[in-house]
$ cat data05.cif   # mmCIF, C-alpha atoms
data_my_file
loop_
_atom_site.group_PDB
_atom_site.id
_atom_site.type_symbol
_atom_site.label_atom_id
_atom_site.label_comp_id
_atom_site.auth_asym_id
_atom_site.auth_seq_id
_atom_site.Cartn_x
_atom_site.Cartn_y
_atom_site.Cartn_z
ATOM 1 C CA MET A 298 105.191 100.183 117.491
ATOM 2 C CA ARG A 299 104.089 96.643 118.395
ATOM 3 C CA ARG A 300 103.609 97.699 122.046
ATOM 4 C CA LEU A 301 102.810 101.375 121.644
ATOM 5 C CA PRO A 302 102.136 103.099 124.976
ATOM 6 C CA VAL A 303 99.522 105.824 125.256
ATOM 7 C CA PHE A 304 101.213 109.192 124.789
ATOM 8 C CA GLY A 305 98.071 111.314 124.468
ATOM 9 C CA GLU A 306 95.273 112.085 122.031
ATOM 10 C CA PHE A 307 96.603 113.023 118.618
ATOM 11 C CA HIS A 308 94.683 114.371 115.651
ATOM 12 C CA LEU A 309 96.916 112.535 113.176
ATOM 13 C CA ILE A 310 99.046 109.423 113.410
ATOM 14 C CA TRP A 311 100.872 108.341 110.289
ATOM 15 C CA ALA A 312 103.144 105.421 109.475
ATOM 16 C CA LEU A 313 104.398 105.679 105.919
ATOM 17 C CA ALA A 314 107.298 104.330 103.867
ATOM 18 C CA ASP A 315 107.469 100.712 105.053
ATOM 19 C CA ALA A 316 106.975 100.971 108.839
ATOM 20 C CA VAL A 317 103.956 98.633 108.888
ATOM 21 C CA ASN A 318 105.589 96.201 106.419
ATOM 22 C CA TYR A 319 108.058 95.140 109.131
ATOM 23 C CA LEU A 320 105.265 93.727 111.308
ATOM 24 C CA LEU A 321 105.773 90.021 110.760
ATOM 25 C CA ASP A 322 102.448 88.452 111.711
ATOM 26 C CA PRO A 323 98.766 89.387 111.879
ATOM 27 C CA GLU A 324 98.837 89.728 115.699
ATOM 28 C CA GLU A 325 101.622 92.329 115.438
ATOM 29 C CA LEU A 326 99.489 94.279 112.956
ATOM 30 C CA SER A 327 96.490 94.047 115.285
ATOM 31 C CA SER A 328 98.383 95.186 118.405
ATOM 32 C CA THR A 329 99.989 98.040 116.452
ATOM 33 C CA LEU A 330 96.650 99.284 115.140
ATOM 34 C CA ARG A 331 95.076 99.048 118.627
ATOM 35 C CA GLY A 332 97.994 101.052 120.036
ATOM 36 C CA MET A 333 97.568 103.693 117.352
ATOM 37 C CA ARG A 334 93.809 103.802 118.005
ATOM 38 C CA ASP A 335 94.454 104.312 121.720
ATOM 39 C CA ASN A 336 96.563 107.375 120.865
ATOM 40 C CA LEU A 337 94.003 109.011 118.560
ATOM 41 C CA ALA A 338 91.724 111.826 119.602
ATOM 42 C CA PRO A 339 88.034 110.942 119.100
ATOM 43 C CA THR A 340 88.118 112.815 115.758
ATOM 44 C CA GLY A 341 91.712 111.833 114.927
ATOM 45 C CA LEU A 342 92.898 110.167 111.746
ATOM 46 C CA LEU A 343 95.250 107.261 111.140
ATOM 47 C CA LEU A 344 97.144 107.211 107.829
ATOM 48 C CA PHE A 345 99.431 104.309 106.896
ATOM 49 C CA ASP A 346 100.624 102.354 103.905
ATOM 50 C CA VAL A 347 101.670 98.787 103.170
ATOM 51 C CA ASN A 348 103.393 97.215 100.195
ATOM 52 C CA THR A 349 101.316 95.341 97.651
ATOM 53 C CA MET A 350 102.153 92.049 95.949
ATOM 54 C CA LEU A 351 103.474 94.046 92.979
ATOM 55 C CA ALA A 352 105.972 95.835 95.250
ATOM 56 C CA TYR A 353 107.241 92.559 96.669
ATOM 57 C CA ARG A 354 107.517 91.000 93.231
ATOM 58 C CA ILE A 355 109.452 94.039 91.955
ATOM 59 C CA PHE A 356 111.695 94.753 94.942
ATOM 60 C CA PHE A 357 111.958 91.550 96.986
ATOM 61 C CA ALA A 358 111.857 88.895 94.261
ATOM 62 C CA THR A 359 114.492 90.438 91.978
ATOM 63 C CA ASP A 360 118.171 91.256 92.238
ATOM 64 C CA GLU A 361 119.560 94.701 91.505
ATOM 65 C CA THR A 362 122.982 96.333 91.545
ATOM 66 C CA ILE A 363 123.438 100.109 91.345
ATOM 67 C CA GLU A 364 126.811 101.812 91.060
ATOM 68 C CA LEU A 365 127.102 105.405 92.236
ATOM 69 C CA GLY A 366 130.608 106.805 92.113
ATOM 70 C CA ASP A 367 132.875 104.349 93.905
ATOM 71 C CA THR A 368 130.015 102.706 95.816
ATOM 72 C CA CYS A 369 128.112 99.620 94.697
ATOM 73 C CA PHE A 370 124.676 98.983 96.226
ATOM 74 C CA ARG A 371 123.273 95.476 95.887
ATOM 75 C CA ARG A 372 119.879 93.947 96.632
ATOM 76 C CA ARG A 373 119.645 90.155 96.433
ATOM 77 C CA SER A 374 116.305 88.380 96.525
ATOM 78 C CA LEU A 375 115.759 85.687 99.114
ATOM 79 C CA SER A 376 112.099 85.150 98.114
ATOM 80 C CA SER A 377 110.261 83.622 95.191
ATOM 81 C CA ALA A 378 108.122 85.788 92.904
ATOM 82 C CA ASP A 379 105.537 82.984 93.147
ATOM 83 C CA ALA A 380 105.029 83.407 96.906
ATOM 84 C CA PRO A 381 101.310 83.696 97.727
ATOM 85 C CA PRO A 382 99.599 86.737 99.261
ATOM 86 C CA GLY A 383 100.253 87.059 102.981
ATOM 87 C CA SER A 384 103.773 85.635 102.701
ATOM 88 C CA LEU A 385 106.965 86.786 104.361
ATOM 89 C CA TRP A 386 109.396 88.388 101.907
ATOM 90 C CA LYS A 387 113.155 88.617 102.404
ATOM 91 C CA ALA A 388 115.952 90.421 100.593
ATOM 92 C CA GLU A 389 119.596 91.055 101.431
ATOM 93 C CA PHE A 390 121.028 94.550 101.071
ATOM 94 C CA GLU A 391 124.663 95.653 101.072
ATOM 95 C CA ALA A 392 126.851 98.563 100.029
ATOM 96 C CA LYS A 393 130.541 98.380 99.119
ATOM 97 C CA GLY A 394 132.935 101.156 98.283
ATOM 98 C CA ARG A 395 136.453 102.383 98.808
ATOM 99 C CA GLU A 396 135.495 104.440 101.836
ATOM 100 C CA ARG A 397 132.474 102.542 103.120
ATOM 101 C CA GLN A 398 131.347 99.010 103.573
ATOM 102 C CA VAL A 399 127.938 98.073 104.911
ATOM 103 C CA THR A 400 127.715 94.528 106.190
ATOM 104 C CA PRO A 401 125.003 92.681 104.255
ATOM 105 C CA HIS A 402 121.748 92.650 106.177
ATOM 106 C CA VAL A 403 118.449 90.928 105.549
ATOM 107 C CA HIS A 404 115.145 92.790 105.482
ATOM 108 C CA CYS A 405 112.085 90.697 106.259
ATOM 109 C CA GLN A 406 108.589 92.037 105.616
ATOM 110 C CA ARG A 407 105.097 90.569 105.450
ATOM 111 C CA HIS A 408 102.527 91.210 102.772
ATOM 112 C CA PHE A 409 99.153 92.083 104.287
ATOM 113 C CA PRO A 410 96.334 91.632 101.718
ATOM 114 C CA GLU A 411 93.691 94.363 101.625
ATOM 115 C CA LYS A 412 90.927 92.102 103.002
ATOM 116 C CA ASP A 413 93.124 91.228 105.998
ATOM 117 C CA VAL A 414 94.013 94.867 106.689
ATOM 118 C CA LEU A 415 90.350 95.891 106.513
ATOM 119 C CA ALA A 416 89.307 93.096 108.881
ATOM 120 C CA THR A 417 92.112 93.944 111.323
ATOM 121 C CA LEU A 418 91.198 97.646 111.275
ATOM 122 C CA SER A 419 87.607 96.782 112.164
ATOM 123 C CA CYS A 420 88.619 94.368 114.952
ATOM 124 C CA SER A 421 90.984 97.029 116.321
ATOM 125 C CA GLY A 422 88.203 99.567 116.873
ATOM 126 C CA LEU A 423 88.952 101.583 113.748
ATOM 127 C CA GLU A 424 86.643 102.634 110.938
ATOM 128 C CA ILE A 425 88.106 102.649 107.448
ATOM 129 C CA LEU A 426 87.498 105.919 105.656
ATOM 130 C CA ASP A 427 89.386 105.249 102.438
ATOM 131 C CA VAL A 428 91.879 102.969 100.750
ATOM 132 C CA ALA A 429 93.783 103.873 97.610
ATOM 133 C CA GLY A 430 96.719 102.653 95.589
ATOM 134 C CA GLN A 431 99.918 104.380 94.593
ATOM 135 C CA HIS A 432 102.379 103.303 91.933
ATOM 136 C CA VAL A 433 106.116 103.616 92.453
ATOM 137 C CA LYS A 434 106.376 106.007 89.495
ATOM 138 C CA GLY A 435 103.238 107.963 90.346
ATOM 139 C CA ILE A 436 102.672 110.782 92.750
ATOM 140 C CA GLY A 437 98.935 110.712 93.318
ATOM 141 C CA LEU A 438 96.606 108.125 94.769
ATOM 142 C CA GLN A 439 94.244 106.058 92.643
ATOM 143 C CA ARG A 440 91.021 104.237 93.463
ATOM 144 C CA PRO A 441 90.293 101.440 93.611
ATOM 145 C CA LEU A 442 93.397 99.772 94.975
ATOM 146 C CA ASP A 443 94.739 97.225 92.490
ATOM 147 C CA GLU A 444 97.606 95.099 93.821
ATOM 148 C CA SER A 445 98.644 94.215 90.264
ATOM 149 C CA LYS A 446 99.095 97.908 89.317
ATOM 150 C CA HIS A 447 99.967 99.692 92.573
ATOM 151 C CA THR A 448 103.048 99.216 94.743
ATOM 152 C CA LYS A 449 101.528 100.808 97.869
ATOM 153 C CA ALA A 450 98.127 100.494 99.512
ATOM 154 C CA VAL A 451 97.284 103.636 101.503
ATOM 155 C CA TYR A 452 94.689 103.479 104.306
ATOM 156 C CA ILE A 453 92.906 106.238 106.195
ATOM 157 C CA ALA A 454 90.929 105.313 109.313
ATOM 158 C CA ARG A 455 89.502 106.844 112.470
ATOM 159 C CA PRO A 456 88.322 105.519 115.824
ATOM 160 C CA LEU A 457 84.926 103.868 115.727
ATOM 161 C CA ARG A 458 82.328 106.227 117.118
ATOM 162 C CA ALA A 459 80.209 105.086 120.029
ATOM 163 C CA SER A 460 76.591 104.581 118.973
#
$ encode --input "data05.cif" --output "structure tokens"
Amino acid sequence: MRRLPVFGEFHLIWALADAVNYLLDPEELSSTLRGMRDNLAPTGLLLFDVNTMLAYRIFFATDETIELGDTCFRRRSLSSADAPPGSLWKAEFEAKGRERQVTPHVHCQRHFPEKDVLATLSCSGLEILDVAGQHVKGIGLQRPLDESKHTKAVYIARPLRAS
């Protein structure tokens, strides 16, 4: 995704459910968005989401253990809930059971504040059409995006049109 080749002209490109969160610096976000733009048809749409600060404070700054049958799933925070916007967030995940054992592994994601995403979209040759928020317990999208109430920020963009 960071070095996306041109495959053709698509009418829709989407990256949902944490794909963009694993880009670890602003340049990776920029090169990814430029690669997506280069694969969009002139009237194509780009749809993607990123986690908000609320999501990181809920999921990456807390510990949780869930037992299902004979398997225990554990998430251990490696980040502080006080980390500022734009920070890297880390958490360790593992699963243990009688018949399965998953070696603990660390997930590292970056928070991209809305203003940074909007600026990067513009610099990448994309026009923002809409941004909305979604809460972990909700189904629909809400406007305006509020990082203290929503766990996901959802963006829709298209290639800038030549003037």
$ residues_around --input "data05.cif" --residues "segment 321-331 of chain A" --least-positions-apart "2" --cutoff "8 Å" --atoms "only C-alpha atoms" --output "VMD selection string"
chain A and resid 298 to 301 317 to 319 333 to 335 385 405 to 407 417 to 418 420 to 422
$ resolve_selection --input "data05.cif" --expression "the PyMOL selection byres ((chain A and resi 315) around 10)" --output "list in words"
Ala312, Leu313, Ala314, Ala316, Val317, Asn318, Tyr319, Leu320, Phe345, Asp346, Val347, Asn348, Gln406 and Lys449 of chain A
$ atom_distance --input "data05.cif" --atom1 "atom CA of Lys387 of chain A" --atom2 "atom CA of Asp427 of chain A"
29.0 Å
$ closest_residue --input "data05.cif" --among "A:Gly366, A:Glu361, A:Leu415, A:Gly430" --to "Glu391 of chain A" --atoms "all atoms listed in the file"
A:Glu361
$ axis_aligned_box --input "data05.cif" --around "segment 440-444 of chain A" --padding-each-side "6 Å" --output "AutoDock Vina command-line options"
--center_x 93.9 --center_y 99.7 --center_z 93.7 --size_x 19.3 --size_y 21.1 --size_z 14.5
$ atom_distance --input "data05.cif" --atom1 "atom CA of Val399 of chain A" --atom2 "atom CA of Ala380 of chain A"
28.4 Å
$ resolve_selection --input "data05.cif" --expression "the PyMOL selection byres ((chain A and resi 371-374) around 6)" --output "PyMOL selection string"
chain A and resi 357-362+370+375-376+388-391
$ closest_residue --input "data05.cif" --among "A:Ala416, A:Pro410, A:Leu457, A:Thr368" --to "Lys393 of chain A" --atoms "all atoms listed in the file"
A:Thr368
